[in-house]
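Data file: my_file06.txt. Format and content: compact mmCIF, C-alpha atoms.
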# COMPACT_ATOMS: atom_id res chain seq x y z
CA MET A 262 -3.76 -22.78 -11.99
CA ILE A 263 -0.05 -22.45 -12.67
CA SER A 264 1.47 -23.45 -15.98
CA LYS A 265 5.08 -23.20 -17.06
CA SER A 266 6.94 -23.35 -20.30
CA THR A 267 8.62 -26.72 -20.65
CA ALA A 268 11.51 -25.23 -22.61
CA SER A 269 14.33 -23.87 -20.48
CA SER A 270 17.01 -23.17 -23.06
CA VAL A 271 17.61 -19.81 -24.74
CA PRO A 272 18.65 -18.67 -28.19
CA ILE A 273 22.39 -18.64 -28.57
CA ASN A 274 24.67 -16.13 -30.21
CA GLY A 275 27.39 -13.95 -28.73
CA ILE A 276 25.19 -12.63 -25.93
CA PHE A 277 24.28 -16.12 -24.70
CA ALA A 278 27.74 -17.70 -24.91
CA ASN A 279 27.86 -18.26 -21.16
CA PHE A 280 24.63 -20.21 -21.27
CA ALA A 281 26.03 -22.51 -23.95
CA LEU A 282 29.16 -23.15 -21.93
CA GLN A 283 27.16 -23.98 -18.82
CA ASN A 284 24.59 -26.10 -20.67
CA PRO A 285 26.47 -27.96 -23.42
CA THR A 286 23.79 -30.66 -23.78
CA LYS A 287 21.16 -28.05 -24.58
CA SER A 288 23.14 -25.75 -26.84
CA ASN A 289 23.15 -28.18 -29.77
CA ASN A 290 19.40 -27.80 -30.15
CA ILE A 291 19.09 -24.08 -29.54
CA HIS A 292 19.28 -23.08 -33.20
CA ARG A 293 16.53 -25.46 -34.21
CA THR A 294 12.96 -24.33 -34.86
CA ASP A 295 9.96 -25.88 -36.52
CA ASN A 296 10.35 -23.39 -39.35
CA PRO A 297 13.43 -23.97 -41.56
CA MET A 298 13.25 -20.36 -42.80
CA TYR A 299 14.78 -18.89 -39.63
CA ALA A 300 16.70 -19.68 -36.46
CA LEU A 301 15.83 -18.42 -33.00
CA THR A 302 19.10 -16.48 -33.02
CA ASP A 303 17.48 -14.19 -35.62
CA ILE A 304 14.66 -13.04 -33.35
CA PHE A 305 16.76 -10.67 -31.27
CA ASP A 306 19.08 -9.42 -34.01
CA ARG A 307 17.68 -5.85 -34.00
CA SER A 308 17.53 -5.75 -30.20
CA THR A 309 21.18 -6.76 -29.98
CA LEU A 310 22.18 -4.27 -32.65
CA LEU A 311 20.74 -1.40 -30.61
CA LEU A 312 21.32 -2.50 -27.03
CA GLY A 313 24.60 -4.37 -27.42
CA GLU A 314 25.51 -7.85 -26.30
CA GLU A 315 26.20 -7.00 -22.68
CA ASN A 316 22.81 -5.37 -22.15
CA MET A 317 21.07 -8.23 -23.93
CA LYS A 318 22.82 -10.69 -21.65
CA LYS A 319 21.59 -8.76 -18.61
CA LEU A 320 18.05 -8.63 -20.01
CA ASN A 321 18.12 -12.35 -20.63
CA GLU A 322 19.08 -13.01 -17.02
CA LYS A 323 16.44 -10.82 -15.36
CA LYS A 324 13.21 -12.12 -13.82
CA VAL A 325 10.04 -10.02 -14.15
CA ILE A 326 6.56 -10.47 -12.72
CA ILE A 327 3.56 -8.56 -14.09
CA PHE A 328 0.36 -8.27 -12.08
CA GLY A 329 -2.55 -7.55 -14.42
CA ILE A 330 -2.52 -8.74 -18.04
CA GLY A 331 -5.08 -6.32 -19.42
CA GLY A 332 -4.86 -3.29 -21.66
CA VAL A 333 -1.57 -2.18 -20.08
CA GLY A 334 0.16 -5.24 -18.65
CA SER A 335 -0.31 -7.40 -21.75
CA TRP A 336 1.62 -4.87 -23.85
CA THR A 337 4.39 -4.75 -21.27
CA ALA A 338 4.72 -8.52 -21.52
CA GLU A 339 4.66 -8.39 -25.32
CA ALA A 340 7.43 -5.78 -25.51
CA LEU A 341 9.69 -7.49 -22.98
CA ILE A 342 9.51 -10.91 -24.64
CA ARG A 343 10.02 -9.44 -28.13
CA THR A 344 13.04 -7.50 -26.89
CA GLY A 345 14.76 -10.51 -25.31
CA LEU A 346 13.53 -11.09 -21.77
CA ARG A 347 13.41 -14.81 -21.11
CA SER A 348 11.92 -15.27 -17.61
CA LEU A 349 8.45 -13.77 -17.12
CA THR A 350 5.62 -14.46 -14.68
CA ILE A 351 2.15 -13.12 -15.51
CA VAL A 352 -0.69 -12.94 -12.98
CA ASP A 353 -4.35 -12.22 -13.69
CA ALA A 354 -7.63 -13.79 -12.55
CA ASP A 355 -9.86 -12.72 -15.44
CA LYS A 356 -11.04 -14.54 -18.51
CA VAL A 357 -10.96 -12.91 -21.94
CA ALA A 358 -14.13 -10.91 -22.59
CA VAL A 359 -15.43 -9.63 -25.92
CA SER A 360 -15.00 -6.08 -24.62
CA ASN A 361 -11.26 -6.73 -24.16
CA ILE A 362 -10.62 -7.21 -27.88
CA ASN A 363 -10.22 -3.52 -28.65
CA ARG A 364 -7.08 -3.11 -26.52
CA GLN A 365 -5.64 -6.29 -24.95
CA VAL A 366 -3.00 -8.50 -26.56
CA PRO A 367 -4.44 -11.92 -25.62
CA ALA A 368 -8.00 -10.96 -26.57
CA THR A 369 -9.24 -12.12 -29.98
CA THR A 370 -12.47 -13.62 -31.24
CA GLU A 371 -10.82 -17.02 -30.82
CA THR A 372 -9.79 -16.58 -27.17
CA VAL A 373 -13.00 -15.23 -25.63
CA GLY A 374 -13.74 -17.20 -22.46
CA GLN A 375 -10.17 -18.42 -22.02
CA SER A 376 -7.99 -17.52 -19.06
CA LYS A 377 -6.13 -14.31 -19.92
CA THR A 378 -2.85 -15.65 -18.60
CA ASP A 379 -3.13 -18.92 -20.51
CA ALA A 380 -4.03 -17.10 -23.73
CA MET A 381 -1.19 -14.63 -23.19
CA ARG A 382 1.33 -17.36 -22.47
CA ALA A 383 0.34 -19.20 -25.65
CA HIS A 384 0.77 -15.99 -27.63
CA LEU A 385 4.16 -15.15 -26.12
CA LEU A 386 5.49 -18.63 -26.87
CA THR A 387 4.72 -18.07 -30.56
CA ILE A 388 7.18 -15.15 -30.35
CA ASN A 389 9.90 -17.04 -28.50
CA PRO A 390 9.11 -20.74 -27.97
CA GLN A 391 12.05 -21.03 -25.58
CA ALA A 392 10.94 -18.28 -23.19
CA ASP A 393 10.13 -19.33 -19.63
CA ILE A 394 6.58 -18.03 -19.16
CA ASN A 395 4.89 -18.77 -15.85
CA ALA A 396 1.16 -18.12 -16.22
CA ILE A 397 -0.80 -17.81 -12.97
CA THR A 398 -4.58 -17.43 -12.98
CA ASP A 399 -5.01 -15.61 -9.70
CA ILE A 400 -5.69 -12.24 -8.15
CA TYR A 401 -3.30 -10.40 -5.84
CA THR A 402 -5.16 -9.74 -2.58
CA VAL A 403 -4.61 -9.86 1.16
CA ALA A 404 -5.62 -13.52 1.00
CA THR A 405 -3.14 -14.46 -1.75
CA ALA A 406 -0.21 -12.06 -1.30
CA GLU A 407 1.83 -14.48 0.81
CA LYS A 408 2.01 -16.88 -2.16
CA TYR A 409 4.19 -14.42 -4.05
CA ASP A 410 7.79 -14.07 -2.94
CA LEU A 411 8.65 -10.77 -4.59
CA GLU A 412 12.30 -11.25 -3.63
CA GLU A 413 12.51 -13.82 -6.44
CA TYR A 414 12.16 -11.07 -9.06
CA ASP A 415 14.27 -8.23 -10.33
CA TYR A 416 11.27 -6.19 -11.46
CA VAL A 417 7.63 -6.00 -10.37
CA VAL A 418 5.12 -4.41 -12.72
CA ASP A 419 1.86 -3.14 -11.23
CA ALA A 420 -0.90 -3.05 -13.84
CA ILE A 421 -3.73 -3.77 -11.41
CA ASP A 422 -7.10 -1.98 -11.61
CA SER A 423 -8.44 -2.58 -8.09
CA ILE A 424 -7.39 0.21 -5.71
CA SER A 425 -7.11 -2.01 -2.63
CA ASP A 426 -5.11 -4.73 -4.42
CA LYS A 427 -2.94 -2.17 -6.19
CA ALA A 428 -2.14 -0.40 -2.93
CA LEU A 429 -1.24 -3.70 -1.29
CA LEU A 430 1.11 -4.68 -4.11
CA ILE A 431 2.80 -1.28 -4.03
CA TYR A 432 3.21 -1.53 -0.26
CA ASN A 433 4.74 -4.99 -0.42
CA ALA A 434 6.89 -4.36 -3.50
CA THR A 435 8.43 -1.21 -2.04
CA ARG A 436 9.27 -3.08 1.17
CA ALA A 437 11.03 -5.87 -0.73
CA LYS A 438 14.79 -5.45 -1.12
CA ARG A 439 15.48 -7.05 -4.49
CA PRO A 440 12.82 -5.94 -6.99
CA ARG A 441 12.32 -2.55 -8.52
CA LEU A 442 8.68 -1.53 -8.93
CA PHE A 443 7.13 0.22 -11.91
CA SER A 444 3.44 1.09 -11.78
CA SER A 445 0.70 2.13 -14.19
CA MET A 446 -1.76 4.80 -13.18
CA GLY A 447 -5.15 5.10 -14.90
CA ALA A 448 -5.15 4.58 -18.68
CA ALA A 449 -8.90 4.89 -19.26
CA LEU A 450 -10.72 8.05 -20.43
CA LYS A 451 -7.78 9.20 -22.53
CA THR A 452 -7.28 9.82 -26.26
CA ASP A 453 -4.12 11.96 -26.55
CA PRO A 454 -0.87 9.95 -26.52
CA ALA A 455 1.19 13.15 -26.38
CA ARG A 456 0.04 13.72 -22.80
CA ILE A 457 1.41 10.43 -21.43
CA LYS A 458 4.27 10.97 -18.98
CA THR A 459 6.47 9.15 -16.52
CA GLY A 460 7.42 10.31 -13.05
CA GLU A 461 7.91 9.42 -9.42
CA PHE A 462 4.56 8.63 -7.80
CA ARG A 463 4.58 11.64 -5.50
CA THR A 464 4.89 13.95 -8.51
CA VAL A 465 1.87 12.50 -10.36
CA THR A 466 -0.89 15.06 -10.84
CA GLY A 467 -4.28 15.07 -12.56
CA CYS A 468 -4.82 11.30 -12.23
CA ARG A 469 -7.89 10.06 -10.36
CA LEU A 470 -6.36 6.65 -9.74
CA ALA A 471 -3.24 8.19 -8.18
CA ALA A 472 -5.46 10.37 -5.99
CA ALA A 473 -7.43 7.31 -4.91
CA LEU A 474 -4.19 5.51 -4.05
CA ARG A 475 -3.00 8.40 -1.90
CA HIS A 476 -6.33 8.35 -0.08
CA ARG A 477 -5.99 4.59 0.43
CA PHE A 478 -2.45 4.93 1.80
CA LYS A 479 -3.62 7.61 4.23
CA LYS A 480 -6.67 5.61 5.32
CA THR A 481 -4.75 2.40 5.99
CA GLY A 482 -1.47 3.92 7.11
CA MET A 483 0.30 1.51 4.73
CA TYR A 484 2.51 3.93 2.81
CA PRO A 485 5.11 2.91 0.20
CA SER A 486 8.47 2.53 1.91
CA LYS A 487 10.47 3.90 -1.00
CA LYS A 488 10.01 5.88 -4.17
CA PHE A 489 8.72 4.25 -7.33
CA ARG A 490 8.12 5.48 -10.86
CA CYS A 491 4.85 5.46 -12.78
CA VAL A 492 3.39 6.01 -16.21
CA PHE A 493 0.41 8.38 -16.16
CA SER A 494 -1.57 11.02 -18.01
CA GLU A 495 -3.36 14.10 -16.73
CA GLU A 496 -5.95 13.87 -19.50
CA LEU A 497 -9.54 13.12 -18.50
CA SER A 498 -12.07 12.71 -21.30
CA PRO A 499 -15.77 11.92 -20.84
CA ASN A 500 -17.46 8.66 -21.79
CA LEU A 501 -19.26 9.99 -24.86
CA GLY A 502 -21.10 6.70 -25.30
CA ALA A 503 -22.67 6.79 -21.84
CA GLU A 504 -25.87 8.42 -23.11
CA THR A 505 -26.31 5.67 -25.70
CA ARG A 506 -26.09 3.02 -22.99
CA GLN A 507 -28.70 4.83 -20.93
CA GLU A 508 -31.06 4.74 -23.90
CA PHE A 509 -30.91 0.94 -23.72
CA GLY A 510 -31.61 0.90 -20.00
CA LEU A 511 -27.98 0.34 -18.93
CA ARG A 512 -26.02 2.33 -16.41
CA PRO A 513 -23.09 4.25 -17.91
CA ASP A 514 -20.66 1.92 -16.10
CA GLN A 515 -22.29 -1.34 -17.23
CA ALA A 516 -20.56 -3.66 -19.67
CA PRO A 517 -21.56 -7.10 -21.00
CA MET A 518 -18.73 -8.80 -19.06
CA ASN A 519 -17.62 -6.61 -16.17
CA PHE A 520 -15.90 -9.20 -13.95
CA ASN A 521 -16.99 -7.52 -10.71
CA LYS A 522 -15.28 -4.21 -11.44
CA LYS A 523 -17.08 -1.32 -9.76
CA THR A 524 -16.88 0.96 -12.79
CA THR A 525 -16.15 0.58 -16.46
CA ASN A 526 -14.72 3.48 -18.45
CA GLY A 527 -13.89 3.73 -22.12
CA SER A 528 -10.32 3.00 -23.12
CA LEU A 529 -8.40 2.78 -26.38
CA CYS A 530 -5.59 0.56 -27.61
CA HIS A 531 -3.26 3.35 -28.70
CA ILE A 532 -3.29 4.68 -25.11
CA THR A 533 -3.17 1.46 -23.09
CA ALA A 534 -0.49 0.05 -25.39
CA ILE A 535 1.70 3.13 -24.92
CA PHE A 536 1.27 2.83 -21.14
CA GLY A 537 2.35 -0.82 -21.32
CA MET A 538 5.20 -0.22 -23.74
CA THR A 539 6.42 2.63 -21.56
CA LEU A 540 6.61 0.31 -18.55
CA ALA A 541 8.64 -2.13 -20.64
CA GLY A 542 10.90 0.71 -21.71
CA MET A 543 11.42 1.76 -18.10
CA ILE A 544 12.57 -1.77 -17.27
CA ILE A 545 14.89 -1.98 -20.28
CA ARG A 546 16.46 1.39 -19.53
CA SER A 547 16.88 0.43 -15.87
CA ILE A 548 18.70 -2.74 -16.90
CA MET A 549 20.96 -0.74 -19.22
CA ALA A 550 21.77 1.68 -16.38
CA ASP A 551 22.82 -1.06 -13.96
The structure in this file should be written as structure tokens.
Amino acid sequence: MISKSTASSVPINGIFANFALQNPTKSNNIHRTDNPMYALTDIFDRSTLLLGEENMKKLNEKKVIIFGIGGVGSWTAEALIRTGLRSLTIVDADKVAVSNINRQVPATTETVGQSKTDAMRAHLLTINPQADINAITDIYTVATAEKYDLEEYDYVVDAIDSISDKALLIYNATRAKRPRLFSSMGAALKTDPARIKTGEFRTVTGCRLAAALRHRFKKTGMYPSKKFRCVFSEELSPNLGAETRQEFGLRPDQAPMNFNKKTTNGSLCHITAIFGMTLAGMIIRSIMAD
């Protein structure tokens, strides 16, 4: 299922003057909102104050695709739209589970059972109703990869859990000429935000997911064709609740709604959100450096 925002205009102030000139029939309605207490031009006031009009214009013109709208990717989407990104594609095959509520933006008691991408799109449009959010309920695999033309995007965000799918996306994204890839390593089994780092993939240490990716690359011979940066942490904490689950006859990796994942580890919002926000920050800083 693919759904798109029907609104294609953007808030107008100094940074969007070019848009108004090119779209005079739309610019008359850009200031209007359903709430008379504010105009859409107010949303990005603090972003513009810090980043400047030129950087905001560049951010507004970029196209980003995020694969995986879970504990990490959903926060990346949130931060980018709140900062001023207008064109965003989000891809995820899962539905919202009760166990997602502790750390994922689209997960609430009211959205359980809904498509994550549809719930996330609805949420993002409450932040900026004029954003262009393309929500795709799908999984990135060998069977579906050809549907995604990565050359259409300026940035690709990898927030995928599956090792095989993650490795495939990294392989394809690093071969593409246009987009720049940013990737999340494992955010589970961590409690200390001070240990979260960024670095080029080959410098990542102490991360089981990164080690599994290297093994996958070696096994398949499908290595990344260029360098890419990641957010990661060397911390590895135990699942302290595993013994409690065993008392109830459950395996330590079992969860009420596991969506075919091989293992389930404990994870916390203050960690996954920092991972996701860091990815958003890496994109914003990259845009500023262009």
Please produce, as CSV, a per-residue contact table for range 304-419 of chain A versus range 529-536 of chain A (criterion: any atom at most 6 Å away, only C-alpha atoms considered), showing the nearest atom pair and its distance in Å to one decimal, sorted by chain then residue number.
residue,atom,partner,partner_atom,distance
A:Gly332,CA,A:Thr533,CA,5.2
A:Val333,CA,A:Thr533,CA,5.0
A:Trp336,CA,A:Ala534,CA,5.6
A:Arg364,CA,A:Cys530,CA,4.1
With C-alpha atoms retained, export the selected residues as an mmCIF file, keeping the file's coordinate frame.
data_model
loop_
_atom_site.group_PDB
_atom_site.id
_atom_site.type_symbol
_atom_site.label_atom_id
_atom_site.label_comp_id
_atom_site.auth_asym_id
_atom_site.auth_seq_id
_atom_site.Cartn_x
_atom_site.Cartn_y
_atom_site.Cartn_z
ATOM 1 C CA GLY A 332 -4.860 -3.290 -21.660
ATOM 2 C CA VAL A 333 -1.570 -2.180 -20.080
ATOM 3 C CA TRP A 336 1.620 -4.870 -23.850
ATOM 4 C CA ARG A 364 -7.080 -3.110 -26.520
#
Option closest in space to Asn389 in chain A, from A:Thr302, A:Thr369, A:Thr405, A:Asn316 [counting all atoms listed in the file]: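 Under the stated criterion, the closest residue is A:Thr302.
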Atomic distance CA of Ala396 in chain A - CA of Gly374 in chain A, expressed in Å with one decimal: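 Value for the CA of Ala396 in chain A-CA of Gly374 in chain A distance: 16.2 Å.
Proximity to Asp399 in chain A at 12 Å, evaluated using only C-alpha atoms and with sequence-adjacent residues fewer than 3 positions away removed, yields Met262, Ile263, Ser264, Ile327, Phe328, Gly329, Ile330, Thr350, Ile351, Val352, Asp353, Ala354, Asp355, Lys356, Ser376, Lys377, Thr378, Asp379, Ala396, Thr402, Ala404, Thr405, Ala406, Lys408 and Tyr409 of chain A.
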Contacts of Asp419 in chain A at 9 Å (only C-alpha atoms; same-chain gap of 6+ positions) as a PyMOL selection string: chain A and resi 326-329+334+427+430-431+442-446
CA of Ala550 in chain A to CA of Glu412 in chain A, distance in Å rounded to a single decimal: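 Atom-to-atom, CA of Ala550 in chain A and CA of Glu412 in chain A are spaced 20.5 Å apart.
Distance-wise, CA of Ala380 in chain A and CA of Asp426 in chain A end up 23.0 Å apart.
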Using all atoms listed in the file: which of A:Thr344, A:Ser423, A:Asn395, A:Thr466 has the shortest distance to Thr525 in chain A: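 Smallest distance to Thr525 in chain A is found for A:Ser423.
Using all atoms listed in the file, the smallest distance between any of A:Glu495, A:Ile388, A:Leu501, A:Arg307 and Ala455 in chain A comes from A:Glu495.
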Residue among A:Val357, A:Ala437, A:Ile304, A:Val418 lying closest to Gly345 in chain A, counting only C-alpha atoms: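 Residue with the minimum atom-to-atom distance to Gly345 in chain A: A:Ile304.
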Of the listed residues A:Leu429, A:Ile544, A:Leu301, A:Met549, that which approaches Arg477 in chain A most closely, counting only C-alpha atoms: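 Distance minimum relative to Arg477 in chain A lands on A:Leu429.
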For Ala473 in chain A: contacts at 10 Å, all atoms listed in the file, fewer than 6 positions along chain excluded, given as a PyMOL selection string: chain A and resi 424-425+428+479
Kindly compute an axis-aligned box around the listed atoms of range 408-426 of chain A, allowing 8 Å on each side, and express its centre and edge lengths in Å to one decimal as JSON.
{"center_x": 2.9, "center_y": -8.3, "center_z": -8.0, "size_x": 38.7, "size_y": 33.1, "size_z": 27.7}
